[in-house]
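J.: For reference, the file target_18.cif (mmCIF, N, CA and C atoms) is included below:
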```cif
data_query
#
loop_
_atom_site.group_PDB
_atom_site.id
_atom_site.type_symbol
_atom_site.label_atom_id
_atom_site.label_comp_id
_atom_site.auth_asym_id
_atom_site.auth_seq_id
_atom_site.Cartn_x
_atom_site.Cartn_y
_atom_site.Cartn_z
ATOM 1 N N MET A 140 0.807 -1.182 0.000
ATOM 2 C CA MET A 140 0.000 0.000 0.000
ATOM 3 C C MET A 140 0.864 1.266 0.000
ATOM 4 N N SER A 141 2.065 1.164 0.485
ATOM 5 C CA SER A 141 2.904 2.362 0.527
ATOM 6 C C SER A 141 3.229 2.855 -0.880
ATOM 7 N N LEU A 142 3.308 1.955 -1.856
ATOM 8 C CA LEU A 142 3.549 2.372 -3.234
ATOM 9 C C LEU A 142 2.393 3.240 -3.734
ATOM 10 N N LEU A 143 1.183 2.847 -3.423
ATOM 11 C CA LEU A 143 0.023 3.644 -3.817
ATOM 12 C C LEU A 143 0.062 5.022 -3.170
ATOM 13 N N LYS A 144 0.458 5.079 -1.919
ATOM 14 C CA LYS A 144 0.550 6.367 -1.236
ATOM 15 C C LYS A 144 1.640 7.239 -1.854
ATOM 16 N N MET A 145 2.683 6.616 -2.356
ATOM 17 C CA MET A 145 3.773 7.377 -2.974
ATOM 18 C C MET A 145 3.364 7.953 -4.326
ATOM 19 N N ILE A 146 2.619 7.171 -5.134
ATOM 20 C CA ILE A 146 2.262 7.661 -6.463
ATOM 21 C C ILE A 146 0.976 8.490 -6.459
ATOM 22 N N ARG A 147 0.218 8.453 -5.360
ATOM 23 C CA ARG A 147 -1.045 9.172 -5.287
ATOM 24 C C ARG A 147 -0.925 10.637 -5.682
ATOM 25 N N PRO A 148 0.086 11.394 -5.204
ATOM 26 C CA PRO A 148 0.181 12.811 -5.578
ATOM 27 C C PRO A 148 0.357 13.044 -7.085
ATOM 28 N N LEU A 149 0.804 12.038 -7.804
ATOM 29 C CA LEU A 149 1.040 12.183 -9.239
ATOM 30 C C LEU A 149 -0.204 11.880 -10.081
ATOM 31 N N LEU A 150 -1.244 11.393 -9.455
ATOM 32 C CA LEU A 150 -2.445 10.971 -10.171
ATOM 33 C C LEU A 150 -3.406 12.140 -10.400
ATOM 34 N N PRO A 151 -4.218 12.048 -11.464
ATOM 35 C CA PRO A 151 -5.273 13.042 -11.653
ATOM 36 C C PRO A 151 -6.317 12.906 -10.535
ATOM 37 N N PRO A 152 -7.078 13.968 -10.281
ATOM 38 C CA PRO A 152 -8.017 13.964 -9.138
ATOM 39 C C PRO A 152 -8.993 12.790 -9.105
ATOM 40 N N ASP A 153 -9.531 12.383 -10.257
ATOM 41 C CA ASP A 153 -10.495 11.279 -10.234
ATOM 42 C C ASP A 153 -9.843 9.973 -9.804
ATOM 43 N N LEU A 154 -8.620 9.739 -10.225
ATOM 44 C CA LEU A 154 -7.919 8.522 -9.802
ATOM 45 C C LEU A 154 -7.496 8.613 -8.336
ATOM 46 N N LYS A 155 -7.165 9.813 -7.868
ATOM 47 C CA LYS A 155 -6.848 9.986 -6.447
ATOM 48 C C LYS A 155 -8.037 9.557 -5.597
ATOM 49 N N SER A 156 -9.230 9.955 -6.022
ATOM 50 C CA SER A 156 -10.439 9.587 -5.279
ATOM 51 C C SER A 156 -10.631 8.076 -5.244
ATOM 52 N N MET A 157 -10.372 7.427 -6.362
ATOM 53 C CA MET A 157 -10.510 5.969 -6.412
ATOM 54 C C MET A 157 -9.490 5.296 -5.498
ATOM 55 N N VAL A 158 -8.261 5.785 -5.511
ATOM 56 C CA VAL A 158 -7.220 5.224 -4.645
ATOM 57 C C VAL A 158 -7.583 5.455 -3.187
ATOM 58 N N ASP A 159 -8.070 6.658 -2.865
ATOM 59 C CA ASP A 159 -8.477 6.952 -1.488
ATOM 60 C C ASP A 159 -9.577 6.002 -1.023
ATOM 61 N N LEU A 160 -10.562 5.772 -1.892
ATOM 62 C CA LEU A 160 -11.650 4.856 -1.551
ATOM 63 C C LEU A 160 -11.119 3.450 -1.321
ATOM 64 N N MET A 161 -10.262 2.991 -2.212
ATOM 65 C CA MET A 161 -9.705 1.652 -2.083
ATOM 66 C C MET A 161 -8.893 1.519 -0.783
ATOM 67 N N LEU A 162 -8.114 2.539 -0.448
ATOM 68 C CA LEU A 162 -7.320 2.493 0.783
ATOM 69 C C LEU A 162 -8.209 2.495 2.025
ATOM 70 N N ARG A 163 -9.314 3.234 1.967
ATOM 71 C CA ARG A 163 -10.238 3.248 3.110
ATOM 72 C C ARG A 163 -10.914 1.889 3.273
ATOM 73 N N ILE A 164 -11.316 1.285 2.157
ATOM 74 C CA ILE A 164 -11.919 -0.048 2.220
ATOM 75 C C ILE A 164 -10.904 -1.035 2.774
ATOM 76 N N TYR A 165 -9.703 -1.001 2.242
ATOM 77 C CA TYR A 165 -8.642 -1.905 2.672
ATOM 78 C C TYR A 165 -8.391 -1.756 4.176
ATOM 79 N N GLY A 166 -8.326 -0.521 4.635
ATOM 80 C CA GLY A 166 -8.046 -0.267 6.049
ATOM 81 C C GLY A 166 -9.179 -0.647 6.981
ATOM 82 N N SER A 167 -10.407 -0.694 6.461
ATOM 83 C CA SER A 167 -11.548 -0.997 7.326
ATOM 84 C C SER A 167 -11.734 -2.493 7.558
ATOM 85 N N LEU A 168 -11.080 -3.313 6.766
ATOM 86 C CA LEU A 168 -11.223 -4.760 6.910
ATOM 87 C C LEU A 168 -10.078 -5.316 7.738
ATOM 88 N N ASP A 169 -10.394 -6.282 8.581
ATOM 89 C CA ASP A 169 -9.432 -6.755 9.573
ATOM 90 C C ASP A 169 -8.418 -7.775 9.074
ATOM 91 N N THR A 170 -8.844 -8.669 8.223
ATOM 92 C CA THR A 170 -7.954 -9.765 7.842
ATOM 93 C C THR A 170 -7.723 -9.795 6.333
ATOM 94 N N ALA A 171 -6.671 -10.485 5.949
ATOM 95 C CA ALA A 171 -6.368 -10.644 4.526
ATOM 96 C C ALA A 171 -7.503 -11.374 3.816
ATOM 97 N N GLU A 172 -8.141 -12.318 4.502
ATOM 98 C CA GLU A 172 -9.246 -13.059 3.904
ATOM 99 C C GLU A 172 -10.439 -12.146 3.625
ATOM 100 N N GLU A 173 -10.744 -11.265 4.596
ATOM 101 C CA GLU A 173 -11.843 -10.317 4.399
ATOM 102 C C GLU A 173 -11.549 -9.380 3.233
ATOM 103 N N ARG A 174 -10.333 -8.876 3.170
ATOM 104 C CA ARG A 174 -9.952 -7.965 2.083
ATOM 105 C C ARG A 174 -10.050 -8.671 0.738
ATOM 106 N N LYS A 175 -9.530 -9.884 0.660
ATOM 107 C CA LYS A 175 -9.563 -10.634 -0.594
ATOM 108 C C LYS A 175 -11.000 -10.887 -1.028
ATOM 109 N N ALA A 176 -11.841 -11.333 -0.101
ATOM 110 C CA ALA A 176 -13.242 -11.626 -0.428
ATOM 111 C C ALA A 176 -13.967 -10.364 -0.895
ATOM 112 N N ALA A 177 -13.741 -9.244 -0.219
ATOM 113 C CA ALA A 177 -14.427 -7.998 -0.584
ATOM 114 C C ALA A 177 -13.984 -7.512 -1.958
ATOM 115 N N PHE A 178 -12.687 -7.517 -2.231
ATOM 116 C CA PHE A 178 -12.212 -7.031 -3.521
ATOM 117 C C PHE A 178 -12.579 -7.978 -4.663
ATOM 118 N N GLU A 179 -12.600 -9.282 -4.398
ATOM 119 C CA GLU A 179 -13.041 -10.223 -5.437
ATOM 120 C C GLU A 179 -14.518 -10.008 -5.752
ATOM 121 N N TYR A 180 -15.328 -9.827 -4.715
ATOM 122 C CA TYR A 180 -16.751 -9.585 -4.927
ATOM 123 C C TYR A 180 -16.951 -8.277 -5.686
ATOM 124 N N GLY A 181 -16.232 -7.226 -5.281
ATOM 125 C CA GLY A 181 -16.348 -5.932 -5.958
ATOM 126 C C GLY A 181 -15.961 -6.014 -7.422
ATOM 127 N N THR A 182 -14.903 -6.743 -7.714
ATOM 128 C CA THR A 182 -14.460 -6.908 -9.100
ATOM 129 C C THR A 182 -15.515 -7.646 -9.917
ATOM 130 N N LYS A 183 -16.055 -8.721 -9.349
ATOM 131 C CA LYS A 183 -17.098 -9.489 -10.033
ATOM 132 C C LYS A 183 -18.353 -8.637 -10.223
ATOM 133 N N MET A 184 -18.697 -7.860 -9.185
ATOM 134 C CA MET A 184 -19.884 -7.023 -9.216
ATOM 135 C C MET A 184 -19.803 -5.994 -10.351
ATOM 136 N N LEU A 185 -18.616 -5.498 -10.637
ATOM 137 C CA LEU A 185 -18.445 -4.434 -11.630
ATOM 138 C C LEU A 185 -18.094 -4.934 -13.029
ATOM 139 N N GLN A 186 -18.074 -6.245 -13.248
ATOM 140 C CA GLN A 186 -17.685 -6.794 -14.548
ATOM 141 C C GLN A 186 -18.522 -6.261 -15.702
ATOM 142 N N ASP A 187 -19.816 -6.131 -15.497
ATOM 143 C CA ASP A 187 -20.669 -5.672 -16.602
ATOM 144 C C ASP A 187 -20.845 -4.156 -16.609
ATOM 145 N N GLY A 188 -20.197 -3.473 -15.681
ATOM 146 C CA GLY A 188 -20.276 -2.020 -15.636
ATOM 147 C C GLY A 188 -21.534 -1.483 -14.966
ATOM 148 N N LYS A 189 -22.351 -2.373 -14.434
ATOM 149 C CA LYS A 189 -23.577 -1.971 -13.757
ATOM 150 C C LYS A 189 -23.641 -2.669 -12.411
ATOM 151 N N VAL A 190 -24.261 -1.998 -11.443
ATOM 152 C CA VAL A 190 -24.395 -2.574 -10.110
ATOM 153 C C VAL A 190 -25.866 -2.552 -9.720
ATOM 154 N N THR A 191 -26.384 -3.717 -9.381
ATOM 155 C CA THR A 191 -27.776 -3.801 -8.936
ATOM 156 C C THR A 191 -27.838 -3.500 -7.439
ATOM 157 N N VAL A 192 -29.032 -3.212 -6.959
ATOM 158 C CA VAL A 192 -29.214 -2.944 -5.533
ATOM 159 C C VAL A 192 -28.791 -4.152 -4.686
ATOM 160 N N PRO A 193 -29.185 -5.383 -5.048
ATOM 161 C CA PRO A 193 -28.726 -6.529 -4.251
ATOM 162 C C PRO A 193 -27.198 -6.691 -4.267
ATOM 163 N N GLU A 194 -26.563 -6.411 -5.402
ATOM 164 C CA GLU A 194 -25.100 -6.500 -5.462
ATOM 165 C C GLU A 194 -24.466 -5.450 -4.554
ATOM 166 N N TRP A 195 -24.998 -4.240 -4.602
ATOM 167 C CA TRP A 195 -24.459 -3.156 -3.774
ATOM 168 C C TRP A 195 -24.632 -3.492 -2.295
ATOM 169 N N SER A 196 -25.771 -4.049 -1.957
ATOM 170 C CA SER A 196 -26.031 -4.456 -0.582
ATOM 171 C C SER A 196 -25.076 -5.562 -0.148
ATOM 172 N N GLY A 197 -24.846 -6.538 -1.030
ATOM 173 C CA GLY A 197 -23.904 -7.621 -0.724
ATOM 174 C C GLY A 197 -22.499 -7.102 -0.512
ATOM 175 N N PHE A 198 -22.112 -6.111 -1.308
ATOM 176 C CA PHE A 198 -20.784 -5.514 -1.155
ATOM 177 C C PHE A 198 -20.694 -4.786 0.187
ATOM 178 N N GLY A 199 -21.732 -4.052 0.533
ATOM 179 C CA GLY A 199 -21.756 -3.352 1.817
ATOM 180 C C GLY A 199 -21.667 -4.300 2.995
ATOM 181 N N LYS A 200 -22.322 -5.438 2.894
ATOM 182 C CA LYS A 200 -22.243 -6.436 3.965
ATOM 183 C C LYS A 200 -20.820 -6.961 4.112
ATOM 184 N N ARG A 201 -20.149 -7.186 2.992
ATOM 185 C CA ARG A 201 -18.776 -7.681 3.046
ATOM 186 C C ARG A 201 -17.821 -6.634 3.639
ATOM 187 N N LEU A 202 -18.172 -5.368 3.467
ATOM 188 C CA LEU A 202 -17.345 -4.294 4.013
ATOM 189 C C LEU A 202 -17.666 -4.010 5.474
ATOM 190 N N GLY A 203 -18.722 -4.631 5.973
ATOM 191 C CA GLY A 203 -19.112 -4.401 7.359
ATOM 192 C C GLY A 203 -19.845 -3.084 7.546
ATOM 193 N N ILE A 204 -20.392 -2.531 6.470
ATOM 194 C CA ILE A 204 -21.101 -1.260 6.547
ATOM 195 C C ILE A 204 -22.469 -1.441 7.173
ATOM 196 N N PHE A 205 -23.140 -2.526 6.817
ATOM 197 C CA PHE A 205 -24.494 -2.744 7.295
ATOM 198 C C PHE A 205 -24.468 -3.520 8.597
ATOM 199 N N LYS A 206 -25.292 -3.066 9.528
ATOM 200 C CA LYS A 206 -25.446 -3.748 10.805
ATOM 201 C C LYS A 206 -26.872 -4.266 10.862
ATOM 202 N N LYS A 207 -27.217 -4.866 11.979
ATOM 203 C CA LYS A 207 -28.596 -5.323 12.129
ATOM 204 C C LYS A 207 -29.523 -4.144 11.904
ATOM 205 N N GLU A 208 -30.652 -4.451 11.319
ATOM 206 C CA GLU A 208 -31.608 -3.390 11.007
ATOM 207 C C GLU A 208 -32.033 -2.677 12.281
ATOM 208 N N GLN A 209 -32.007 -1.366 12.226
ATOM 209 C CA GLN A 209 -32.427 -0.560 13.356
ATOM 210 C C GLN A 209 -33.610 0.287 12.920
ATOM 211 N N ARG A 210 -34.549 0.410 13.791
ATOM 212 C CA ARG A 210 -35.717 1.246 13.510
ATOM 213 C C ARG A 210 -35.410 2.649 14.017
ATOM 214 N N HIS A 211 -35.615 3.632 13.176
ATOM 215 C CA HIS A 211 -35.438 5.026 13.565
ATOM 216 C C HIS A 211 -36.818 5.670 13.605
ATOM 217 N N SER A 212 -37.017 6.508 14.597
ATOM 218 C CA SER A 212 -38.287 7.219 14.628
ATOM 219 C C SER A 212 -38.336 8.184 13.462
ATOM 220 N N SER A 213 -39.517 8.631 13.133
ATOM 221 C CA SER A 213 -39.657 9.546 12.000
ATOM 222 C C SER A 213 -38.990 10.885 12.289
ATOM 223 N N ARG A 214 -38.656 11.142 13.542
ATOM 224 C CA ARG A 214 -38.013 12.398 13.900
ATOM 225 C C ARG A 214 -36.497 12.317 13.851
ATOM 226 N N THR A 215 -35.965 11.126 13.695
ATOM 227 C CA THR A 215 -34.521 10.953 13.683
ATOM 228 C C THR A 215 -33.940 11.455 12.369
ATOM 229 N N VAL A 216 -32.925 12.262 12.466
ATOM 230 C CA VAL A 216 -32.231 12.753 11.284
ATOM 231 C C VAL A 216 -30.819 12.235 11.345
ATOM 232 N N ILE A 217 -30.390 11.546 10.274
ATOM 233 C CA ILE A 217 -29.051 11.012 10.207
ATOM 234 C C ILE A 217 -28.267 11.869 9.247
ATOM 235 N N VAL A 218 -27.172 12.419 9.730
ATOM 236 C CA VAL A 218 -26.381 13.335 8.930
ATOM 237 C C VAL A 218 -24.978 12.767 8.761
ATOM 238 N N GLY A 219 -24.410 12.909 7.571
ATOM 239 C CA GLY A 219 -23.042 12.452 7.335
ATOM 240 C C GLY A 219 -22.049 13.234 8.151
ATOM 241 N N ARG A 220 -20.869 12.669 8.283
ATOM 242 C CA ARG A 220 -19.805 13.329 9.047
ATOM 243 C C ARG A 220 -19.307 14.538 8.280
ATOM 244 N N GLY A 221 -19.086 15.605 8.972
ATOM 245 C CA GLY A 221 -18.514 16.812 8.371
ATOM 246 C C GLY A 221 -17.003 16.738 8.391
ATOM 247 N N LYS A 222 -16.378 17.628 7.662
ATOM 248 C CA LYS A 222 -14.908 17.640 7.651
ATOM 249 C C LYS A 222 -14.379 18.614 8.656
#
```
Mind turning this structure into structure tokens?
T.:
Amino acid sequence: MSLLKMIRPLLPPDLKSMVDLMLRIYGSLDTAEERKAAFEYGTKMLQDGKVTVPEWSGFGKRLGIFKKEQRHSSRTVIVGRGK
């Protein structure tokens, strides 16, 4: 991963974003097996250039993004993290 960090400044902005995303995904997974499974699934998911909702959900589960379903009251507002 250090090679990617070294060449990142030389990349155009759109590729920098892709590298940043990949590094964040890589860093969020605990084991080599989890990383391999997630990236293999992601590669397979994107083969046809389209992603279905079930595929996207499956990818999120592999990344550990989705937790058990939680019920939010209609008054609950969920806001993304600010910088």
J.: Please evaluate the PyMOL selection byres (((chain A and resi 152-163 and name CA) around 12) and name CA) against the structure above and give the resulting residues as a list in words.
T.: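 This file gives the following for the PyMOL selection byres (((chain A and resi 152-163 and name CA) around 12) and name CA): Met140, Ser141, Leu142, Leu143, Lys144, Met145, Ile146, Arg147, Pro148, Leu149, Leu150, Pro151, Ile164, Tyr165, Gly166, Ser167, Leu168, Asp169, Arg174, Ala177, Phe178, Gly181 and Leu202 of chain A.
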J.: Using backbone DSSP assignments, extract all alpha helix (DSSP H) residues from region 149-211 of chain A; output them as a PyMOL selection string.
T.: chain A and resi 152-167+171-184+192-202
J.: In Å, rounded to a single decimal, give me how far CA of Gly199 (chain A) is from CA of Thr182 (chain A).
T.: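 CA of Gly199 (chain A) lies at a distance of 13.6 Å from CA of Thr182 (chain A).
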J.: One number please: atom N of Arg201 (chain A) to atom C of Ala176 (chain A), in Å, one decimal.
T.: 8.0 Å
J.: Work out how far atom N of Lys200 (chain A) is from CA of Glu179 (chain A), in Å to one decimal.
T.: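 Going from CA of Glu179 (chain A) over to atom N of Lys200 (chain A), I get 13.4 Å.
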